[in-house]
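Single-structure report; data block below.
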Amino acid sequence: MMCRMPPELHLSTEEKKQALFERGIELFNRRQFFDCHEVLEEIWTPARGPERLFFVGFYHHQRGNREGAERQLRKGLKKIANYLPHYGGVNTGRLRAQVVRRLETIGRGGRVRRFPRIYFLRTM
């Protein structure tokens, strides 16, 4: 099932990008990692900057692919390192800490029971 945002002709490019970003986070938090990847790919495919932060490691983990999960999560941690402790309104430091703990579990051959969540920073 593909979860793409419907085209909104009245939105600017930045507004469309933000809507996709928020939809991707929503899907990530619902543990729909494949759909999350598909939505976020619409943002990062043409991008070469920080938009390429997110990863598909948990999708591999859900499918029992330990090696693929570890590899993708490690890549994601390397990419996110330059955007700590927050970026684009997201608490990347908190996300990184959650992923590190889950990666340790996966590395020991365990199953992740509680997946990380992505949190927006609170605005003052």
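In the structure tokens, chains take the letters A, B, ... in the order shown, each chain's residues start at 1, and ligands count up from 1 in the order shown.
Residues lying within 12 Å of Gly109 (chain A), counting only C-alpha atoms and ignoring same-chain neighbours fewer than 3 positions away, are His61, Gly64, Asn65, Arg66, Glu67, Ala69, Glu70, Arg102, Leu103, Glu104, Thr105, Ile106 and Val112 of chain A.
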Output as JSON lines one row per residue of region 42-97 of chain A within 10 Å of region 15-21 of chain A: the closest atom pair and its distance in Å to one decimal place, counting only C-alpha atoms, sorted by chain and residue number ascending.
{"residue": "A:Glu42", "atom": "CA", "partner": "A:Leu20", "partner_atom": "CA", "distance": 7.7}
{"residue": "A:Ile43", "atom": "CA", "partner": "A:Lys17", "partner_atom": "CA", "distance": 6.3}
{"residue": "A:Trp44", "atom": "CA", "partner": "A:Lys17", "partner_atom": "CA", "distance": 9.6}
{"residue": "A:Glu51", "atom": "CA", "partner": "A:Phe21", "partner_atom": "CA", "distance": 9.0}
{"residue": "A:Gly88", "atom": "CA", "partner": "A:Gln18", "partner_atom": "CA", "distance": 9.5}
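Nearest to Arg71 (chain A) of all the residues A:Arg122, A:Asn29, A:Arg101, A:Val56 is A:Val56, counting only C-alpha atoms.
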| request: Pick out the closest residue to Asp35 (chain A) from this set: A:Glu22, A:Arg111, A:Tyr59, A:Arg74. Count only C-alpha atoms. | output: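 Ranked by minimum distance to Asp35 (chain A), first place goes to A:Tyr59.
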| said: Using Å and a single decimal, report how far CA of Arg94 (chain A) sits from CA of Glu14 (chain A). | reply: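 Between CA of Glu14 (chain A) and CA of Arg94 (chain A) the gap is 25.1 Å.
With only C-alpha atoms as the atoms that count, the residue of A:Phe34, A:Val99, A:Ser12, A:Gly24 with the shortest distance to Arg63 (chain A) is A:Phe34.
A straight line drawn from CA of His60 (chain A) to CA of Pro85 (chain A) is 25.9 Å long.
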| Interatomic distance, CA of His37 (chain A) to CA of Gln62 (chain A) (Å, one decimal) | 13.9 Å
| field | Backbone-only DSSP, helix (DSSP H, G or I) members of chain A, as a PyMOL selection string | value | chain A and resi 13-29+33-44+50-53+57-62+66-83+92-107
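With distances restricted to only C-alpha atoms, A:Gly68 is the closest residue to Gly107 (chain A) from A:Lys79, A:Thr13, A:Gly68, A:Leu84.
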| note | Counting only C-alpha atoms, the residue among A:Arg108, A:Gln72, A:Ile25, A:Cys36 that lies closest to Gly89 (chain A) is A:Ile25
| task | Find, counting only C-alpha atoms, the residue in A:Val100, A:Arg23, A:Tyr87, A:Tyr119 that gets nearest to Glu41 (chain A). | result |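 Once distances to Glu41 (chain A) are computed over only C-alpha atoms, the minimum belongs to A:Arg23.
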